[in-house]
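The structure file my_file11.pdb is reproduced below (PDB, C-alpha atoms).
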```
ATOM      1  CA  MET A   1      -8.946  -3.060  19.816
ATOM      2  CA  THR A   2     -10.385  -4.362  16.574
ATOM      3  CA  ALA A   3     -11.488  -1.694  14.115
ATOM      4  CA  PRO A   4     -15.130  -1.449  12.981
ATOM      5  CA  ILE A   5     -15.949  -3.229   9.718
ATOM      6  CA  HIS A   6     -16.624   0.051   7.884
ATOM      7  CA  ARG A   7     -14.855   3.349   8.512
ATOM      8  CA  LYS A   8     -15.885   6.279   6.370
ATOM      9  CA  HIS A   9     -13.495   8.638   4.644
ATOM     10  CA  ALA A  10     -14.596  11.636   6.672
ATOM     11  CA  ALA A  11     -12.576  14.515   5.153
ATOM     12  CA  PRO A  12      -9.762  14.623   2.590
ATOM     13  CA  MET A  13      -7.345  11.877   3.712
ATOM     14  CA  ARG A  14      -8.943  11.619   7.144
ATOM     15  CA  TRP A  15     -10.998   8.683   8.424
ATOM     16  CA  ASP A  16     -13.538   8.056  11.158
ATOM     17  CA  GLY A  17     -11.787   6.555  14.164
ATOM     18  CA  VAL A  18      -8.250   6.931  12.775
ATOM     19  CA  ASP A  19      -5.933   9.181  14.777
ATOM     20  CA  VAL A  20      -3.589  11.589  13.020
ATOM     21  CA  LEU A  21      -0.209  10.955  14.608
ATOM     22  CA  ALA A  22       3.159  12.605  14.527
ATOM     23  CA  TYR A  23       5.328  10.629  12.113
ATOM     24  CA  LYS A  24       8.143   9.845  14.559
ATOM     25  CA  ARG A  25       8.716  10.265  18.232
ATOM     26  CA  ASP A  26      12.470   9.805  18.055
ATOM     27  CA  PRO A  27      14.078  13.280  18.011
ATOM     28  CA  ALA A  28      17.229  11.808  16.438
ATOM     29  CA  SER A  29      15.321  11.082  13.189
ATOM     30  CA  PRO A  30      15.366  14.199  11.042
ATOM     31  CA  PHE A  31      12.099  14.751   9.184
ATOM     32  CA  ARG A  32       9.792  17.668   8.455
ATOM     33  CA  ASP A  33       6.025  18.109   8.345
ATOM     34  CA  VAL A  34       4.865  14.486   8.180
ATOM     35  CA  THR A  35       1.757  12.853   9.643
ATOM     36  CA  ARG A  36       1.000   9.151  10.035
ATOM     37  CA  GLN A  37      -2.349   7.361  10.174
ATOM     38  CA  VAL A  38      -2.563   3.625  10.790
ATOM     39  CA  LEU A  39      -5.463   2.431   8.622
ATOM     40  CA  PHE A  40      -5.193  -1.312   9.286
ATOM     41  CA  ASP A  41      -3.373  -2.956  12.181
ATOM     42  CA  ASP A  42      -5.129  -6.244  12.791
ATOM     43  CA  PRO A  43      -3.688  -9.393  14.436
ATOM     44  CA  ALA A  44      -5.387 -11.377  11.633
ATOM     45  CA  LEU A  45      -3.179  -9.615   9.061
ATOM     46  CA  ALA A  46       0.560 -10.154   8.647
ATOM     47  CA  SER A  47       1.007  -6.558   7.476
ATOM     48  CA  GLN A  48      -0.108  -3.079   8.401
ATOM     49  CA  LEU A  49      -1.413  -0.424   6.046
ATOM     50  CA  ARG A  50      -0.521   3.145   6.978
ATOM     51  CA  TYR A  51      -1.149   6.515   5.328
ATOM     52  CA  PHE A  52       1.637   9.088   5.487
ATOM     53  CA  GLU A  53       1.279  12.649   4.376
ATOM     54  CA  VAL A  54       4.219  14.973   3.827
ATOM     55  CA  ALA A  55       3.301  18.678   3.737
ATOM     56  CA  PRO A  56       4.553  20.832   0.820
ATOM     57  CA  GLY A  57       8.328  21.176   1.103
ATOM     58  CA  GLY A  58       8.544  18.490   3.803
ATOM     59  CA  HIS A  59      10.279  15.103   3.821
ATOM     60  CA  THR A  60      10.452  11.793   5.651
ATOM     61  CA  THR A  61      13.563  10.554   7.458
ATOM     62  CA  LEU A  62      16.424   9.298   5.309
ATOM     63  CA  GLU A  63      16.721   5.730   6.588
ATOM     64  CA  ARG A  64      17.041   2.048   5.771
ATOM     65  CA  HIS A  65      15.999  -1.246   7.358
ATOM     66  CA  GLU A  66      15.808  -4.964   6.646
ATOM     67  CA  HIS A  67      12.046  -4.854   6.055
ATOM     68  CA  ALA A  68      10.576  -3.829   2.700
ATOM     69  CA  HIS A  69       7.940  -1.191   1.937
ATOM     70  CA  ALA A  70       5.192  -1.280  -0.678
ATOM     71  CA  VAL A  71       3.987   2.249  -1.424
ATOM     72  CA  ILE A  72       1.181   3.694  -3.554
ATOM     73  CA  VAL A  73       0.779   7.451  -3.908
ATOM     74  CA  ALA A  74      -2.748   8.398  -2.805
ATOM     75  CA  HIS A  75      -2.641  12.215  -2.784
ATOM     76  CA  GLY A  76      -0.519  15.011  -4.243
ATOM     77  CA  ARG A  77       2.930  14.587  -5.716
ATOM     78  CA  GLY A  78       6.629  14.701  -4.961
ATOM     79  CA  ARG A  79       9.765  12.646  -5.366
ATOM     80  CA  CYS A  80      11.567   9.816  -3.668
ATOM     81  CA  LEU A  81      15.100   8.569  -3.297
ATOM     82  CA  VAL A  82      15.335   4.766  -3.230
ATOM     83  CA  ASP A  83      18.576   2.821  -3.436
ATOM     84  CA  GLY A  84      20.539   5.643  -5.070
ATOM     85  CA  ARG A  85      17.861   6.560  -7.621
ATOM     86  CA  ILE A  86      15.465   9.514  -7.642
ATOM     87  CA  PHE A  87      11.914   9.159  -8.981
ATOM     88  CA  GLU A  88       9.187  11.704  -9.712
ATOM     89  CA  LEU A  89       5.951  10.626  -8.014
ATOM     90  CA  ALA A  90       2.393  11.308  -9.158
ATOM     91  CA  LEU A  91      -1.006   9.996  -8.066
ATOM     92  CA  HIS A  92      -1.245   6.185  -7.882
ATOM     93  CA  ASP A  93       2.417   5.568  -8.746
ATOM     94  CA  LEU A  94       3.872   2.452  -7.101
ATOM     95  CA  VAL A  95       7.191   2.338  -5.220
ATOM     96  CA  ARG A  96       8.948  -0.742  -3.869
ATOM     97  CA  VAL A  97      11.571  -0.093  -1.194
ATOM     98  CA  PRO A  98      13.836  -3.169  -1.021
ATOM     99  CA  ALA A  99      15.630  -4.401   2.089
ATOM    100  CA  LEU A 100      18.438  -2.110   3.262
ATOM    101  CA  ALA A 101      17.832   0.514   0.548
ATOM    102  CA  TRP A 102      18.335   4.088   1.755
ATOM    103  CA  HIS A 103      15.104   5.945   1.094
ATOM    104  CA  GLN A 104      13.398   9.266   1.613
ATOM    105  CA  PHE A 105      10.097  10.713   0.368
ATOM    106  CA  ARG A 106       9.759  14.434  -0.370
ATOM    107  CA  ALA A 107       6.649  16.442  -1.155
ATOM    108  CA  ALA A 108       6.714  18.946  -4.015
ATOM    109  CA  PRO A 109       7.418  22.550  -2.918
ATOM    110  CA  ASP A 110       3.806  23.452  -3.745
ATOM    111  CA  ALA A 111       1.886  20.228  -3.071
ATOM    112  CA  PRO A 112       1.650  17.588  -0.344
ATOM    113  CA  LEU A 113       2.699  13.999  -0.910
ATOM    114  CA  GLY A 114       0.356  11.403   0.599
ATOM    115  CA  PHE A 115       0.976   7.691   0.250
ATOM    116  CA  LEU A 116      -0.256   4.343   1.491
ATOM    117  CA  CYS A 117       2.515   2.115   2.825
ATOM    118  CA  MET A 118       2.184  -1.630   3.370
ATOM    119  CA  VAL A 119       4.723  -3.091   5.759
ATOM    120  CA  ASN A 120       5.178  -6.352   7.673
ATOM    121  CA  ALA A 121       3.718  -6.179  11.166
ATOM    122  CA  GLU A 122       6.946  -7.743  12.525
ATOM    123  CA  ARG A 123       9.889  -5.685  11.422
ATOM    124  CA  ASP A 124      13.285  -4.319  12.443
ATOM    125  CA  ARG A 125      13.978  -0.768  13.556
ATOM    126  CA  PRO A 126      15.107   1.795  10.947
ATOM    127  CA  GLN A 127      18.788   2.750  10.786
ATOM    128  CA  LEU A 128      19.980   6.312  10.226
ATOM    129  CA  PRO A 129      23.064   6.932   8.071
ATOM    130  CA  THR A 130      26.407   7.375   9.797
ATOM    131  CA  ALA A 131      28.469  10.416   8.838
ATOM    132  CA  ASP A 132      30.476   8.190   6.477
ATOM    133  CA  GLU A 133      27.347   6.697   4.885
ATOM    134  CA  LEU A 134      25.891  10.176   4.410
ATOM    135  CA  ALA A 135      29.130  11.360   2.810
ATOM    136  CA  GLY A 136      28.945   8.373   0.451
ATOM    137  CA  LEU A 137      25.372   9.195  -0.527
ATOM    138  CA  THR A 138      26.028  12.901  -1.039
ATOM    139  CA  SER A 139      29.091  12.220  -3.176
ATOM    140  CA  VAL A 140      26.541  11.823  -5.979
ATOM    141  CA  PRO A 141      25.553  15.403  -6.939
ATOM    142  CA  ALA A 142      21.924  14.538  -7.785
ATOM    143  CA  ILE A 143      21.460  12.869  -4.386
ATOM    144  CA  ALA A 144      23.174  15.749  -2.588
ATOM    145  CA  ALA A 145      20.777  18.184  -4.337
ATOM    146  CA  PHE A 146      17.755  15.982  -3.504
ATOM    147  CA  LEU A 147      18.656  15.843   0.194
ATOM    148  CA  ARG A 148      19.461  19.570   0.368
ATOM    149  CA  GLU A 149      16.143  20.797  -1.078
TER     150      GLU A 149
ATOM    151  CA  MET B   1      10.383 -11.819 -10.743
ATOM    152  CA  THR B   2      10.944  -8.796  -8.560
ATOM    153  CA  ALA B   3       9.090  -5.654  -9.618
ATOM    154  CA  PRO B   4      10.980  -2.470 -10.578
ATOM    155  CA  ILE B   5      11.401   0.083  -7.787
ATOM    156  CA  HIS B   6       9.101   2.602  -9.495
ATOM    157  CA  ARG B   7       6.083   1.749 -11.620
ATOM    158  CA  LYS B   8       4.117   4.652 -13.035
ATOM    159  CA  HIS B   9       0.363   4.982 -12.959
ATOM    160  CA  ALA B  10       0.013   4.813 -16.738
ATOM    161  CA  ALA B  11      -3.740   5.323 -17.266
ATOM    162  CA  PRO B  12      -6.701   5.509 -14.883
ATOM    163  CA  MET B  13      -6.201   2.550 -12.532
ATOM    164  CA  ARG B  14      -3.642   0.904 -14.809
ATOM    165  CA  TRP B  15       0.078   0.587 -14.096
ATOM    166  CA  ASP B  16       3.250   0.008 -16.093
ATOM    167  CA  GLY B  17       4.153  -3.684 -15.945
ATOM    168  CA  VAL B  18       0.982  -4.769 -14.100
ATOM    169  CA  ASP B  19      -1.247  -7.212 -15.995
ATOM    170  CA  VAL B  20      -5.021  -6.835 -15.928
ATOM    171  CA  LEU B  21      -6.305 -10.283 -15.024
ATOM    172  CA  ALA B  22      -9.671 -11.973 -14.935
ATOM    173  CA  TYR B  23     -10.832 -11.930 -11.312
ATOM    174  CA  LYS B  24     -11.299 -15.707 -10.960
ATOM    175  CA  ARG B  25     -10.520 -18.720 -13.060
ATOM    176  CA  ASP B  26     -12.853 -21.055 -11.162
ATOM    177  CA  PRO B  27     -16.112 -21.259 -13.145
ATOM    178  CA  ALA B  28     -17.955 -22.368  -9.977
ATOM    179  CA  SER B  29     -17.469 -18.903  -8.395
ATOM    180  CA  PRO B  30     -20.283 -16.639  -9.556
ATOM    181  CA  PHE B  31     -19.125 -13.081 -10.197
ATOM    182  CA  ARG B  32     -19.664 -10.454 -12.859
ATOM    183  CA  ASP B  33     -17.421  -7.900 -14.572
ATOM    184  CA  VAL B  34     -14.433  -7.853 -12.229
ATOM    185  CA  THR B  35     -10.731  -7.375 -12.994
ATOM    186  CA  ARG B  36      -7.747  -8.025 -10.740
ATOM    187  CA  GLN B  37      -4.295  -6.418 -10.754
ATOM    188  CA  VAL B  38      -1.574  -7.580  -8.378
ATOM    189  CA  LEU B  39       0.315  -4.408  -7.419
ATOM    190  CA  PHE B  40       2.728  -5.908  -4.880
ATOM    191  CA  ASP B  41       3.633  -9.574  -4.517
ATOM    192  CA  ASP B  42       7.116  -9.669  -3.068
ATOM    193  CA  PRO B  43       8.739 -12.493  -1.066
ATOM    194  CA  ALA B  44      10.061  -9.790   1.293
ATOM    195  CA  LEU B  45       6.477  -8.854   2.216
ATOM    196  CA  ALA B  46       4.107 -11.012   4.278
ATOM    197  CA  SER B  47       1.099  -9.609   2.408
ATOM    198  CA  GLN B  48       0.037  -8.829  -1.128
ATOM    199  CA  LEU B  49      -1.643  -5.658  -2.339
ATOM    200  CA  ARG B  50      -4.127  -6.133  -5.166
ATOM    201  CA  TYR B  51      -6.445  -3.746  -7.030
ATOM    202  CA  PHE B  52      -9.881  -5.027  -7.966
ATOM    203  CA  GLU B  53     -12.302  -3.176 -10.165
ATOM    204  CA  VAL B  54     -15.957  -4.095 -10.479
ATOM    205  CA  ALA B  55     -17.698  -2.626 -13.561
ATOM    206  CA  PRO B  56     -20.999  -0.744 -13.097
ATOM    207  CA  GLY B  57     -23.676  -3.243 -12.064
ATOM    208  CA  GLY B  58     -21.103  -5.993 -11.435
ATOM    209  CA  HIS B  59     -20.159  -7.847  -8.255
ATOM    210  CA  THR B  60     -17.502 -10.062  -6.700
ATOM    211  CA  THR B  61     -18.144 -13.638  -5.582
ATOM    212  CA  LEU B  62     -20.135 -14.105  -2.374
ATOM    213  CA  GLU B  63     -17.610 -16.049  -0.292
ATOM    214  CA  ARG B  64     -15.839 -16.464   3.021
ATOM    215  CA  HIS B  65     -12.456 -17.724   4.230
ATOM    216  CA  GLU B  66     -10.249 -17.892   7.312
ATOM    217  CA  HIS B  67      -8.001 -15.064   6.135
ATOM    218  CA  ALA B  68      -8.934 -11.419   6.614
ATOM    219  CA  HIS B  69      -9.095  -8.611   4.057
ATOM    220  CA  ALA B  70      -8.175  -4.948   4.493
ATOM    221  CA  VAL B  71      -9.848  -2.850   1.804
ATOM    222  CA  ILE B  72      -9.652   0.816   0.802
ATOM    223  CA  VAL B  73     -11.863   2.168  -1.968
ATOM    224  CA  ALA B  74      -9.641   3.762  -4.626
ATOM    225  CA  HIS B  75     -12.092   4.524  -7.449
ATOM    226  CA  GLY B  76     -15.837   4.923  -7.934
ATOM    227  CA  ARG B  77     -18.496   3.758  -5.497
ATOM    228  CA  GLY B  78     -20.796   0.919  -4.567
ATOM    229  CA  ARG B  79     -21.792  -1.201  -1.620
ATOM    230  CA  CYS B  80     -20.577  -4.227   0.268
ATOM    231  CA  LEU B  81     -22.064  -7.001   2.341
ATOM    232  CA  VAL B  82     -19.811  -8.042   5.231
ATOM    233  CA  ASP B  83     -20.874 -10.353   8.046
ATOM    234  CA  GLY B  84     -24.603  -9.733   7.581
ATOM    235  CA  ARG B  85     -24.337  -5.948   7.258
ATOM    236  CA  ILE B  86     -24.570  -3.769   4.149
ATOM    237  CA  PHE B  87     -22.447  -0.617   3.778
ATOM    238  CA  GLU B  88     -22.458   2.193   1.228
ATOM    239  CA  LEU B  89     -18.937   2.720  -0.130
ATOM    240  CA  ALA B  90     -17.381   5.940  -1.386
ATOM    241  CA  LEU B  91     -13.831   6.965  -2.312
ATOM    242  CA  HIS B  92     -11.223   6.124   0.357
ATOM    243  CA  ASP B  93     -13.655   4.331   2.682
ATOM    244  CA  LEU B  94     -12.058   1.503   4.691
ATOM    245  CA  VAL B  95     -13.523  -1.999   5.019
ATOM    246  CA  ARG B  96     -12.278  -4.794   7.249
ATOM    247  CA  VAL B  97     -13.444  -8.296   6.324
ATOM    248  CA  PRO B  98     -12.981 -10.518   9.397
ATOM    249  CA  ALA B  99     -12.248 -14.253   9.321
ATOM    250  CA  LEU B 100     -15.148 -16.373   8.026
ATOM    251  CA  ALA B 101     -17.406 -13.381   7.321
ATOM    252  CA  TRP B 102     -19.516 -13.806   4.187
ATOM    253  CA  HIS B 103     -18.743 -10.872   1.923
ATOM    254  CA  GLN B 104     -19.465  -9.447  -1.499
ATOM    255  CA  PHE B 105     -18.607  -6.111  -3.168
ATOM    256  CA  ARG B 106     -20.996  -4.532  -5.684
ATOM    257  CA  ALA B 107     -20.431  -1.552  -7.951
ATOM    258  CA  ALA B 108     -23.140   1.091  -8.233
ATOM    259  CA  PRO B 109     -25.444   0.654 -11.256
ATOM    260  CA  ASP B 110     -23.877   3.734 -12.866
ATOM    261  CA  ALA B 111     -20.288   3.706 -11.537
ATOM    262  CA  PRO B 112     -17.442   1.232 -11.146
ATOM    263  CA  LEU B 113     -16.120   0.186  -7.753
ATOM    264  CA  GLY B 114     -12.340  -0.047  -7.530
ATOM    265  CA  PHE B 115     -10.557  -1.014  -4.330
ATOM    266  CA  LEU B 116      -7.149  -1.913  -2.986
ATOM    267  CA  CYS B 117      -7.127  -5.134  -0.976
ATOM    268  CA  MET B 118      -4.345  -6.170   1.403
ATOM    269  CA  VAL B 119      -4.250  -9.883   2.161
ATOM    270  CA  ASN B 120      -1.788 -12.320   3.731
ATOM    271  CA  ALA B 121       0.437 -13.976   1.141
ATOM    272  CA  GLU B 122      -0.248 -17.350   2.805
ATOM    273  CA  ARG B 123      -3.964 -17.930   2.987
ATOM    274  CA  ASP B 124      -6.736 -20.500   2.710
ATOM    275  CA  ARG B 125      -9.015 -20.980  -0.283
ATOM    276  CA  PRO B 126     -12.379 -19.153  -0.343
ATOM    277  CA  GLN B 127     -15.529 -21.125   0.439
ATOM    278  CA  LEU B 128     -18.790 -20.676  -1.457
ATOM    279  CA  PRO B 129     -22.089 -20.842   0.435
ATOM    280  CA  THR B 130     -23.983 -24.142   0.434
ATOM    281  CA  ALA B 131     -27.662 -24.037  -0.522
ATOM    282  CA  ASP B 132     -28.537 -24.026   3.211
ATOM    283  CA  GLU B 133     -26.080 -21.212   3.975
ATOM    284  CA  LEU B 134     -27.435 -19.164   1.076
ATOM    285  CA  ALA B 135     -30.991 -19.738   2.311
ATOM    286  CA  GLY B 136     -29.899 -18.527   5.745
ATOM    287  CA  LEU B 137     -28.343 -15.372   4.304
ATOM    288  CA  THR B 138     -31.310 -14.562   2.062
ATOM    289  CA  SER B 139     -33.798 -15.051   4.888
ATOM    290  CA  VAL B 140     -32.879 -11.436   5.747
ATOM    291  CA  PRO B 141     -34.829  -9.299   3.225
ATOM    292  CA  ALA B 142     -32.144  -6.599   2.934
ATOM    293  CA  ILE B 143     -29.486  -9.216   2.151
ATOM    294  CA  ALA B 144     -31.758 -10.978  -0.314
ATOM    295  CA  ALA B 145     -32.330  -7.651  -2.084
ATOM    296  CA  PHE B 146     -28.582  -6.863  -2.072
ATOM    297  CA  LEU B 147     -27.689 -10.226  -3.622
ATOM    298  CA  ARG B 148     -30.507 -10.016  -6.180
ATOM    299  CA  GLU B 149     -29.580  -6.612  -7.615
TER     300      GLU B 149
END
```
So that I can check it, write out the structure of this file as structure tokens.
Amino acid sequence: MTAPIHRKHAAPMRWDGVDVLAYKRDPASPFRDVTRQVLFDDPALASQLRYFEVAPGGHTTLERHEHAHAVIVAHGRGRCLVDGRIFELALHDLVRVPALAWHQFRAAPDAPLGFLCMVNAERDRPQLPTADELAGLTSVPAIAAFLRE
Amino acid sequence: MTAPIHRKHAAPMRWDGVDVLAYKRDPASPFRDVTRQVLFDDPALASQLRYFEVAPGGHTTLERHEHAHAVIVAHGRGRCLVDGRIFELALHDLVRVPALAWHQFRAAPDAPLGFLCMVNAERDRPQLPTADELAGLTSVPAIAAFLRE
């Protein structure tokens, strides 16, 4: 169904006519305290725009895929791991997740992390790390500490 | 050139490594006091994400095109005309501009209007209204008043 032309921001990071969804349905994907709202999903657009919000102390799934992400922080603060590097994230910061880069977003312990994510409408399924890939990632102490928090 | 993975929000609605551009180069497109910043333009993504900011009292070009826009207000407030309807816009409101809908965004007299706009990377050129089309639009008093302000 096509969305109305105008949808009001109805409450902090909630919109008229936009459902608040669980982030993932797949129980094999480890994540904690994340919601997903699809803001634009229109056959006239080659991409979707989604809003994810990670509750304080929560995190998205550590994953990778062929498709890229374009992210802008819209609420709160936190950190992300992208392609072996860890970045502090504040309001309106931009993050590019390249193809096949392992990535995870984490909210601060005392603040949520909300971000808009633009993604191609046609895309591949995310991959989870194998035990060997996870061992490779966590061989870097800073990444091991990031994933453990 | 591919953007860095992380680009910080460096000042209100300004980003490290993102140029602030004039909105249009075509002198035939009437607009007033608008800047454009391309936040994501990546060959791996089917869409671009841009940030436009209209200064208080300013407006974008009245135009239409085959491609659609997905807009989220990120700063300030104003109004828009889309497909014959006028909407008040506040922070985080969502606007969908369908194919071939005449549209214009206007900042409030006393506040800027900044918005993120997702658009297909491959798209047609905007059309300006002919004298007849403009007469048709302004035959509606509310639209005439909107365009005159």
Per residue of chain A within 10 Å of chain B, note the shortest atom pair and the distance in Å to one decimal, counting all atoms listed in the file, and order the rows by chain and increasing residue number, as a Markdown table.
```
| residue | atom | partner | partner_atom | distance |
| --- | --- | --- | --- | --- |
| A:Thr2 | CA | B:Arg96 | CA | 9.5 |
| A:Ala3 | CA | B:Arg96 | CA | 7.6 |
| A:Pro4 | CA | B:Arg96 | CA | 7.2 |
| A:Ile5 | CA | B:Arg96 | CA | 4.7 |
| A:His6 | CA | B:Val95 | CA | 4.7 |
| A:Arg7 | CA | B:Leu94 | CA | 5.1 |
| A:Lys8 | CA | B:Asp93 | CA | 4.7 |
| A:His9 | CA | B:Asp93 | CA | 4.7 |
| A:Ala10 | CA | B:Asp93 | CA | 8.4 |
| A:Ala11 | CA | B:His92 | CA | 9.8 |
| A:Pro12 | CA | B:His92 | CA | 8.9 |
| A:Met13 | CA | B:His92 | CA | 7.7 |
| A:Arg14 | CA | B:His92 | CA | 9.0 |
| A:Trp15 | CA | B:Asp93 | CA | 7.7 |
| A:Asp16 | CA | B:Asp93 | CA | 9.3 |
| A:Leu39 | CA | B:Leu94 | CA | 7.7 |
| A:Phe40 | CA | B:Ala70 | CA | 6.7 |
| A:Asp41 | CA | B:Ala70 | CA | 9.3 |
| A:Asp42 | CA | B:Ala68 | CA | 8.9 |
| A:Pro43 | CA | B:Ala68 | CA | 9.6 |
| A:Ala44 | CA | B:Ala68 | CA | 6.1 |
| A:Leu45 | CA | B:Asn120 | CA | 6.1 |
| A:Ala46 | CA | B:Ala46 | CA | 5.7 |
| A:Ser47 | CA | B:Ser47 | CA | 5.9 |
| A:Gln48 | CA | B:Met118 | CA | 8.7 |
| A:Leu49 | CA | B:Met118 | CA | 7.9 |
| A:Glu66 | CA | B:Ala44 | CA | 9.2 |
| A:His67 | CA | B:Ala44 | CA | 7.1 |
| A:Ala68 | CA | B:Ala44 | CA | 6.1 |
| A:His69 | CA | B:Leu45 | CA | 7.8 |
| A:Ala70 | CA | B:Phe40 | CA | 6.7 |
| A:Val71 | CA | B:Phe40 | CA | 8.9 |
| A:Ile72 | CA | B:Leu39 | CA | 9.0 |
| A:Val73 | CA | B:His9 | CA | 9.4 |
| A:Ala74 | CA | B:Ala74 | CA | 8.5 |
| A:Cys80 | CA | B:His6 | CA | 9.6 |
| A:Val82 | CA | B:Ile5 | CA | 7.6 |
| A:Asp83 | CA | B:Ile5 | CA | 8.8 |
| A:Arg85 | CA | B:Ile5 | CA | 9.1 |
| A:Ile86 | CA | B:His6 | CA | 9.6 |
| A:Phe87 | CA | B:His6 | CA | 7.2 |
| A:Glu88 | CA | B:His6 | CA | 9.1 |
| A:Leu89 | CA | B:Lys8 | CA | 8.0 |
| A:Ala90 | CA | B:His9 | CA | 7.7 |
| A:Leu91 | CA | B:His9 | CA | 7.1 |
| A:His92 | CA | B:His9 | CA | 5.5 |
| A:Asp93 | CA | B:Lys8 | CA | 4.7 |
| A:Leu94 | CA | B:Arg7 | CA | 5.1 |
| A:Val95 | CA | B:His6 | CA | 4.7 |
| A:Arg96 | CA | B:Ile5 | CA | 4.7 |
| A:Val97 | CA | B:Ile5 | CA | 6.6 |
| A:Pro98 | CA | B:Ile5 | CA | 7.9 |
| A:Ala99 | CA | B:Ala44 | CA | 7.8 |
| A:Met118 | CA | B:Leu49 | CA | 8.0 |
| A:Val119 | CA | B:Leu45 | CA | 7.0 |
| A:Asn120 | CA | B:Ala46 | CA | 5.9 |
| A:Ala121 | CA | B:Ala46 | CA | 8.4 |
| A:Glu122 | CA | B:Ala46 | CA | 9.3 |
```
Okay, now the selection with C-alpha atoms, as a short mmCIF file (atom, residue, chain, number, x, y, z; two decimals), keeping the file's coordinate frame?
```cif
data_model
loop_
_atom_site.label_atom_id
_atom_site.label_comp_id
_atom_site.auth_asym_id
_atom_site.auth_seq_id
_atom_site.Cartn_x
_atom_site.Cartn_y
_atom_site.Cartn_z
CA THR A 2 -10.38 -4.36 16.57
CA ALA A 3 -11.49 -1.69 14.12
CA PRO A 4 -15.13 -1.45 12.98
CA ILE A 5 -15.95 -3.23 9.72
CA HIS A 6 -16.62 0.05 7.88
CA ARG A 7 -14.86 3.35 8.51
CA LYS A 8 -15.88 6.28 6.37
CA HIS A 9 -13.50 8.64 4.64
CA ALA A 10 -14.60 11.64 6.67
CA ALA A 11 -12.58 14.52 5.15
CA PRO A 12 -9.76 14.62 2.59
CA MET A 13 -7.34 11.88 3.71
CA ARG A 14 -8.94 11.62 7.14
CA TRP A 15 -11.00 8.68 8.42
CA ASP A 16 -13.54 8.06 11.16
CA LEU A 39 -5.46 2.43 8.62
CA PHE A 40 -5.19 -1.31 9.29
CA ASP A 41 -3.37 -2.96 12.18
CA ASP A 42 -5.13 -6.24 12.79
CA PRO A 43 -3.69 -9.39 14.44
CA ALA A 44 -5.39 -11.38 11.63
CA LEU A 45 -3.18 -9.62 9.06
CA ALA A 46 0.56 -10.15 8.65
CA SER A 47 1.01 -6.56 7.48
CA GLN A 48 -0.11 -3.08 8.40
CA LEU A 49 -1.41 -0.42 6.05
CA GLU A 66 15.81 -4.96 6.65
CA HIS A 67 12.05 -4.85 6.06
CA ALA A 68 10.58 -3.83 2.70
CA HIS A 69 7.94 -1.19 1.94
CA ALA A 70 5.19 -1.28 -0.68
CA VAL A 71 3.99 2.25 -1.42
CA ILE A 72 1.18 3.69 -3.55
CA VAL A 73 0.78 7.45 -3.91
CA ALA A 74 -2.75 8.40 -2.80
CA CYS A 80 11.57 9.82 -3.67
CA VAL A 82 15.34 4.77 -3.23
CA ASP A 83 18.58 2.82 -3.44
CA ARG A 85 17.86 6.56 -7.62
CA ILE A 86 15.46 9.51 -7.64
CA PHE A 87 11.91 9.16 -8.98
CA GLU A 88 9.19 11.70 -9.71
CA LEU A 89 5.95 10.63 -8.01
CA ALA A 90 2.39 11.31 -9.16
CA LEU A 91 -1.01 10.00 -8.07
CA HIS A 92 -1.25 6.18 -7.88
CA ASP A 93 2.42 5.57 -8.75
CA LEU A 94 3.87 2.45 -7.10
CA VAL A 95 7.19 2.34 -5.22
CA ARG A 96 8.95 -0.74 -3.87
CA VAL A 97 11.57 -0.09 -1.19
CA PRO A 98 13.84 -3.17 -1.02
CA ALA A 99 15.63 -4.40 2.09
CA MET A 118 2.18 -1.63 3.37
CA VAL A 119 4.72 -3.09 5.76
CA ASN A 120 5.18 -6.35 7.67
CA ALA A 121 3.72 -6.18 11.17
CA GLU A 122 6.95 -7.74 12.52
#
```
Convert the output of the PyMOL selection byres ((chain A and resi 132-148) around 8) on the shown file into explicit residues, formatted as a list of chain:residue names.
->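 For this structure, the PyMOL selection byres ((chain A and resi 132-148) around 8) captures A:Leu81, A:Gly84, A:Arg85, A:Ile86, A:Pro129, A:Thr130, A:Ala131, A:Glu149.
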Calculate how many Å separate CA of Val54 in chain B from CA of Pro109 in chain B, rounding to one decimal.
-> 10.6 Å
Minimum-distance residue to Arg77 in chain B, chosen among B:Ala22, B:Gly114, B:Arg125, B:Phe52 (using all atoms listed in the file) =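 Selected residue with least distance to Arg77 in chain B: B:Gly114.
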Cut-off 10 Å around (16.5, -3.6, 12.8) with all atoms listed in the file: residues as a ChimeraX atom specification = /A:64-67,100,123-127
Can those selected residues be exported to a file as a PDB file, in the coordinates of the input so that it contains C-alpha atoms?
```
ATOM      1  CA  ARG A  64      17.041   2.048   5.771  1.00  0.00           C
ATOM      2  CA  HIS A  65      15.999  -1.246   7.358  1.00  0.00           C
ATOM      3  CA  GLU A  66      15.808  -4.964   6.646  1.00  0.00           C
ATOM      4  CA  HIS A  67      12.046  -4.854   6.055  1.00  0.00           C
ATOM      5  CA  LEU A 100      18.438  -2.110   3.262  1.00  0.00           C
ATOM      6  CA  ARG A 123       9.889  -5.685  11.422  1.00  0.00           C
ATOM      7  CA  ASP A 124      13.285  -4.319  12.443  1.00  0.00           C
ATOM      8  CA  ARG A 125      13.978  -0.768  13.556  1.00  0.00           C
ATOM      9  CA  PRO A 126      15.107   1.795  10.947  1.00  0.00           C
ATOM     10  CA  GLN A 127      18.788   2.750  10.786  1.00  0.00           C
TER      11      GLN A 127
END
```
Atomic distance CA of Ala55 in chain A - CA of Phe115 in chain A, expressed in Å with one decimal |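 CA of Phe115 in chain A lies 11.8 Å from CA of Ala55 in chain A.
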